[in-house]
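Pasting target-v9.pdb here (PDB, C-alpha atoms, pLDDT in the B column):
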```pdb
MODEL        1
ATOM      1  CA  MET J   1     214.189-198.571   4.710  1.00 34.00           C
ATOM      2  CA  ARG J   2     214.635-199.839   8.265  1.00 37.00           C
ATOM      3  CA  PRO J   3     218.009-201.263   9.220  1.00 36.00           C
ATOM      4  CA  VAL J   4     218.252-204.927  10.151  1.00 46.00           C
ATOM      5  CA  LEU J   5     218.927-205.404  13.855  1.00 49.00           C
ATOM      6  CA  ASN J   6     222.173-207.017  14.964  1.00 51.00           C
ATOM      7  CA  LEU J   7     220.900-210.382  16.063  1.00 50.00           C
ATOM      8  CA  ALA J   8     224.137-211.650  17.602  1.00 50.00           C
ATOM      9  CA  VAL J   9     223.960-209.364  20.621  1.00 51.00           C
ATOM     10  CA  PRO J  10     221.346-208.387  23.210  1.00 51.00           C
ATOM     11  CA  PRO J  11     218.439-208.055  23.227  1.00 69.00           C
ATOM     12  CA  TRP J  12     218.098-210.938  20.744  1.00 76.00           C
ATOM     13  CA  ASN J  13     219.960-213.459  22.863  1.00 89.00           C
ATOM     14  CA  ALA J  14     216.982-213.118  25.230  1.00 92.00           C
ATOM     15  CA  LEU J  15     214.914-215.073  22.674  1.00 94.00           C
ATOM     16  CA  ALA J  16     217.148-218.156  22.997  1.00 94.00           C
ATOM     17  CA  ARG J  17     217.563-217.771  26.773  1.00 96.00           C
ATOM     18  CA  GLY J  18     213.800-217.567  27.187  1.00 97.00           C
ATOM     19  CA  ALA J  19     213.263-220.592  24.926  1.00 97.00           C
ATOM     20  CA  ASP J  20     215.697-222.640  27.001  1.00 97.00           C
ATOM     21  CA  LEU J  21     213.947-221.684  30.247  1.00 98.00           C
ATOM     22  CA  PHE J  22     210.517-222.261  28.716  1.00 98.00           C
ATOM     23  CA  ASN J  23     211.459-225.706  27.422  1.00 98.00           C
ATOM     24  CA  ARG J  24     212.759-226.662  30.883  1.00 98.00           C
ATOM     25  CA  GLY J  25     209.357-225.773  32.378  1.00 97.00           C
ATOM     26  CA  LEU J  26     210.549-222.540  33.973  1.00 98.00           C
ATOM     27  CA  HIS J  27     207.695-220.522  32.504  1.00 98.00           C
ATOM     28  CA  PHE J  28     207.819-217.590  34.898  1.00 97.00           C
ATOM     29  CA  ASP J  29     211.555-217.160  34.278  1.00 98.00           C
ATOM     30  CA  ALA J  30     211.047-217.393  30.501  1.00 98.00           C
ATOM     31  CA  HIS J  31     208.347-214.723  30.787  1.00 97.00           C
ATOM     32  CA  GLU J  32     210.775-212.398  32.570  1.00 97.00           C
ATOM     33  CA  VAL J  33     213.567-212.927  30.019  1.00 96.00           C
ATOM     34  CA  TRP J  34     211.268-212.455  27.025  1.00 97.00           C
ATOM     35  CA  GLU J  35     209.910-209.292  28.579  1.00 95.00           C
ATOM     36  CA  GLU J  36     213.422-207.789  28.322  1.00 91.00           C
ATOM     37  CA  LEU J  37     213.288-208.409  24.572  1.00 93.00           C
ATOM     38  CA  TRP J  38     209.670-207.262  24.234  1.00 94.00           C
ATOM     39  CA  LEU J  39     210.565-203.866  25.709  1.00 93.00           C
ATOM     40  CA  GLU J  40     213.050-203.319  22.864  1.00 90.00           C
ATOM     41  CA  LEU J  41     210.750-204.264  19.987  1.00 92.00           C
ATOM     42  CA  GLU J  42     208.073-202.668  17.845  1.00 92.00           C
ATOM     43  CA  ASP J  43     205.322-203.798  15.507  1.00 94.00           C
ATOM     44  CA  GLU J  44     204.982-207.471  14.504  1.00 94.00           C
ATOM     45  CA  PRO J  45     208.059-208.746  16.416  1.00 94.00           C
ATOM     46  CA  ARG J  46     206.743-207.072  19.575  1.00 95.00           C
ATOM     47  CA  LEU J  47     203.322-208.751  19.194  1.00 97.00           C
ATOM     48  CA  PHE J  48     204.881-212.143  18.538  1.00 97.00           C
ATOM     49  CA  VAL J  49     207.119-211.928  21.599  1.00 97.00           C
ATOM     50  CA  GLN J  50     204.113-210.761  23.613  1.00 98.00           C
ATOM     51  CA  GLY J  51     202.382-213.963  22.493  1.00 98.00           C
ATOM     52  CA  LEU J  52     205.350-215.988  23.771  1.00 98.00           C
ATOM     53  CA  ILE J  53     205.177-214.117  27.080  1.00 98.00           C
ATOM     54  CA  GLN J  54     201.458-214.862  27.375  1.00 98.00           C
ATOM     55  CA  LEU J  55     202.069-218.527  26.571  1.00 98.00           C
ATOM     56  CA  ALA J  56     204.691-218.679  29.321  1.00 98.00           C
ATOM     57  CA  ALA J  57     202.251-217.014  31.714  1.00 98.00           C
ATOM     58  CA  ALA J  58     199.605-219.589  30.733  1.00 98.00           C
ATOM     59  CA  GLY J  59     202.066-222.330  31.649  1.00 98.00           C
ATOM     60  CA  HIS J  60     202.609-220.716  35.027  1.00 98.00           C
ATOM     61  CA  LYS J  61     198.834-220.469  35.568  1.00 98.00           C
ATOM     62  CA  ALA J  62     198.395-224.124  34.586  1.00 98.00           C
ATOM     63  CA  PHE J  63     201.262-225.830  36.354  1.00 97.00           C
ATOM     64  CA  VAL J  64     202.074-223.599  39.330  1.00 97.00           C
ATOM     65  CA  GLN J  65     198.918-221.688  40.219  1.00 97.00           C
ATOM     66  CA  HIS J  66     196.418-224.303  38.922  1.00 98.00           C
ATOM     67  CA  GLN J  67     194.079-221.616  37.553  1.00 98.00           C
ATOM     68  CA  PRO J  68     192.204-222.909  34.500  1.00 98.00           C
ATOM     69  CA  ARG J  69     190.350-219.669  33.746  1.00 98.00           C
ATOM     70  CA  GLY J  70     193.510-217.568  33.638  1.00 98.00           C
ATOM     71  CA  CYS J  71     195.264-220.248  31.631  1.00 98.00           C
ATOM     72  CA  VAL J  72     192.528-220.304  28.978  1.00 98.00           C
ATOM     73  CA  LYS J  73     192.417-216.512  28.740  1.00 98.00           C
ATOM     74  CA  LEU J  74     196.183-216.265  28.288  1.00 98.00           C
ATOM     75  CA  LEU J  75     196.296-219.103  25.751  1.00 98.00           C
ATOM     76  CA  ARG J  76     193.589-217.473  23.631  1.00 98.00           C
ATOM     77  CA  SER J  77     195.381-214.125  23.672  1.00 98.00           C
ATOM     78  CA  ALA J  78     198.759-215.740  22.962  1.00 98.00           C
ATOM     79  CA  LEU J  79     197.384-217.756  20.055  1.00 98.00           C
ATOM     80  CA  GLU J  80     195.826-214.668  18.496  1.00 98.00           C
ATOM     81  CA  LYS J  81     199.221-212.938  18.458  1.00 98.00           C
ATOM     82  CA  LEU J  82     201.296-215.954  17.467  1.00 98.00           C
ATOM     83  CA  GLU J  83     199.007-217.002  14.589  1.00 97.00           C
ATOM     84  CA  ALA J  84     199.175-213.524  13.055  1.00 96.00           C
ATOM     85  CA  ALA J  85     202.916-213.807  12.409  1.00 95.00           C
ATOM     86  CA  PRO J  86     204.512-215.280   9.279  1.00 95.00           C
ATOM     87  CA  ARG J  87     205.603-218.901   9.337  1.00 95.00           C
ATOM     88  CA  ASP J  88     208.768-219.603  11.368  1.00 94.00           C
ATOM     89  CA  PHE J  89     208.829-216.018  12.573  1.00 93.00           C
ATOM     90  CA  LEU J  90     211.902-214.780  14.467  1.00 92.00           C
ATOM     91  CA  GLY J  91     213.612-218.097  13.800  1.00 91.00           C
ATOM     92  CA  ILE J  92     211.033-220.085  15.791  1.00 95.00           C
ATOM     93  CA  GLU J  93     209.468-223.120  14.136  1.00 96.00           C
ATOM     94  CA  THR J  94     205.765-222.274  14.130  1.00 97.00           C
ATOM     95  CA  ARG J  95     203.847-225.043  12.327  1.00 96.00           C
ATOM     96  CA  SER J  96     203.993-227.748  15.007  1.00 97.00           C
ATOM     97  CA  PHE J  97     204.362-225.095  17.725  1.00 98.00           C
ATOM     98  CA  LEU J  98     201.006-223.462  16.897  1.00 98.00           C
ATOM     99  CA  ARG J  99     199.343-226.857  16.521  1.00 98.00           C
ATOM    100  CA  ALA J 100     200.552-227.719  20.048  1.00 98.00           C
ATOM    101  CA  VAL J 101     199.298-224.378  21.427  1.00 98.00           C
ATOM    102  CA  ARG J 102     195.858-225.057  19.915  1.00 98.00           C
ATOM    103  CA  ARG J 103     195.834-228.559  21.428  1.00 98.00           C
ATOM    104  CA  MET J 104     196.784-227.140  24.822  1.00 98.00           C
ATOM    105  CA  LEU J 105     194.017-224.536  24.555  1.00 98.00           C
ATOM    106  CA  ALA J 106     191.448-227.226  23.747  1.00 98.00           C
ATOM    107  CA  GLU J 107     192.494-229.215  26.809  1.00 98.00           C
ATOM    108  CA  ALA J 108     192.602-226.082  28.985  1.00 98.00           C
ATOM    109  CA  GLU J 109     189.022-225.318  27.938  1.00 98.00           C
ATOM    110  CA  ARG J 110     188.020-228.840  28.998  1.00 98.00           C
ATOM    111  CA  TRP J 111     189.796-228.250  32.320  1.00 98.00           C
ATOM    112  CA  ASN J 112     188.013-224.916  32.753  1.00 98.00           C
ATOM    113  CA  ASP J 113     184.676-226.630  32.050  1.00 98.00           C
ATOM    114  CA  GLY J 114     185.382-229.249  34.728  1.00 98.00           C
ATOM    115  CA  GLU J 115     185.711-232.122  32.258  1.00 98.00           C
ATOM    116  CA  ILE J 116     189.276-232.961  33.318  1.00 98.00           C
ATOM    117  CA  ALA J 117     191.190-232.422  36.563  1.00 97.00           C
ATOM    118  CA  GLY J 118     194.085-230.459  35.073  1.00 97.00           C
ATOM    119  CA  LEU J 119     196.652-230.263  32.308  1.00 97.00           C
ATOM    120  CA  HIS J 120     199.577-232.602  31.856  1.00 97.00           C
ATOM    121  CA  ARG J 121     202.934-230.882  31.410  1.00 96.00           C
ATOM    122  CA  THR J 122     203.496-232.708  28.134  1.00 96.00           C
ATOM    123  CA  LEU J 123     200.782-230.524  26.564  1.00 97.00           C
ATOM    124  CA  MET J 124     203.061-227.479  26.814  1.00 97.00           C
ATOM    125  CA  PRO J 125     204.567-226.829  23.386  1.00 97.00           C
ATOM    126  CA  ARG J 126     208.319-226.657  22.945  1.00 97.00           C
ATOM    127  CA  VAL J 127     209.909-223.556  21.457  1.00 97.00           C
ATOM    128  CA  VAL J 128     212.239-224.775  18.712  1.00 96.00           C
ATOM    129  CA  LEU J 129     214.723-222.299  17.297  1.00 94.00           C
ATOM    130  CA  ILE J 130     215.484-223.129  13.675  1.00 91.00           C
ATOM    131  CA  GLY J 131     217.695-220.187  12.835  1.00 81.00           C
ATOM    132  CA  PRO J 132     218.544-216.620  13.693  1.00 76.00           C
ATOM    133  CA  PRO J 133     215.607-214.209  13.768  1.00 71.00           C
ATOM    134  CA  ALA J 134     215.030-212.506  10.431  1.00 64.00           C
ATOM    135  CA  VAL J 135     213.985-208.982  11.318  1.00 58.00           C
ATOM    136  CA  GLY J 136     213.898-205.842   9.226  1.00 54.00           C
ATOM    137  CA  GLU J 137     213.067-204.950   5.671  1.00 39.00           C
ATOM    138  CA  GLU J 138     215.169-205.831   2.674  1.00 36.00           C
TER     139      GLU J 138
ENDMDL
END
```
Kindly present the structure from the file in structure tokens form.
Amino acid sequence: MRPVLNLAVPPWNALARGADLFNRGLHFDAHEVWEELWLELEDEPRLFVQGLIQLAAAGHKAFVQHQPRGCVKLLRSALEKLEAAPRDFLGIETRSFLRAVRRMLAEAERWNDGEIAGLHRTLMPRVVLIGPPAVGEE
């Protein structure tokens, strides 16, 4: 049996710090903070956090670098990782979050195809923390 991680101390506070930065539109900074956490993780939590990192990078590609192709690629990869996790994984509300990521991907694909001029910032999903991360086996 694996021990449950102490979620009150680093590296887990990086999840909330990254969410705050992400939700304020500071996607590159969120990416950097979540990477600290990612380096400490294994297995499913590591993949999920990698998905968050890729989503943050997609935001940076969309709203800072204005690169539709890179944005689409990162959104697809992020969605693959995020969808594989259980519902509300690591204390992050996932139902509306994943729906918003899919909507953003659909619009990013339209942008990449030249159908629209770019993405509006309101398409970026919000990371909503609904409780402490539940990690480890019972």
Using the chain letters and residue numbers of this document, give as an NGL selection string the residues selected by the PyMOL selection byres ((chain J and resi 75-85) around 12).
-> :J and (43-62 or 68-74 or 86-109 or 124-125)
Just how far from atom CA of J:Leu15 is atom CA of J:Glu42, in Å to one decimal?
-> 15.0 Å
Please enclose the listed atoms of stretch 114-119 of chain J in an axis-aligned box, pad each side by 4 Å, and write out the centre and the three edge lengths in Å, rounded to one decimal, as lines of an AutoDock Vina configuration file.
```
center_x = 191.0
center_y = -231.1
center_z = 34.4
size_x = 19.3
size_y = 11.7
size_z = 12.3
```
Computed interatomic separation between atom CA of J:Glu115 and atom CA of J:His27 (Å) =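 Straight-line distance from atom CA of J:Glu115 to atom CA of J:His27 works out to 24.9 Å.
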Distance atom CA of J:Leu21-atom CA of J:Val128, one decimal place?
->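 Separating atom CA of J:Leu21 from atom CA of J:Val128 is a distance of 12.1 Å.
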Looking at all atoms listed in the file, which of J:Glu35, J:Ala30, J:Leu119, J:Pro133 is the one that sits closest to J:Gln65?
->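 Looking at the shortest contact to J:Gln65, the residue is J:Leu119.
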Give as a ChimeraX atom specification the set of residues within 8 Å of the point (217.3, -210.2, 26.3), where distances use the file's coordinates and all atoms listed in the file.
-> /J:10-15,17,33-37
Considering all atoms listed in the file, state which residue in the set J:Ala16, J:Asn23, J:Glu40, J:Glu32 is at the smallest distance from J:Thr122.
-> J:Asn23
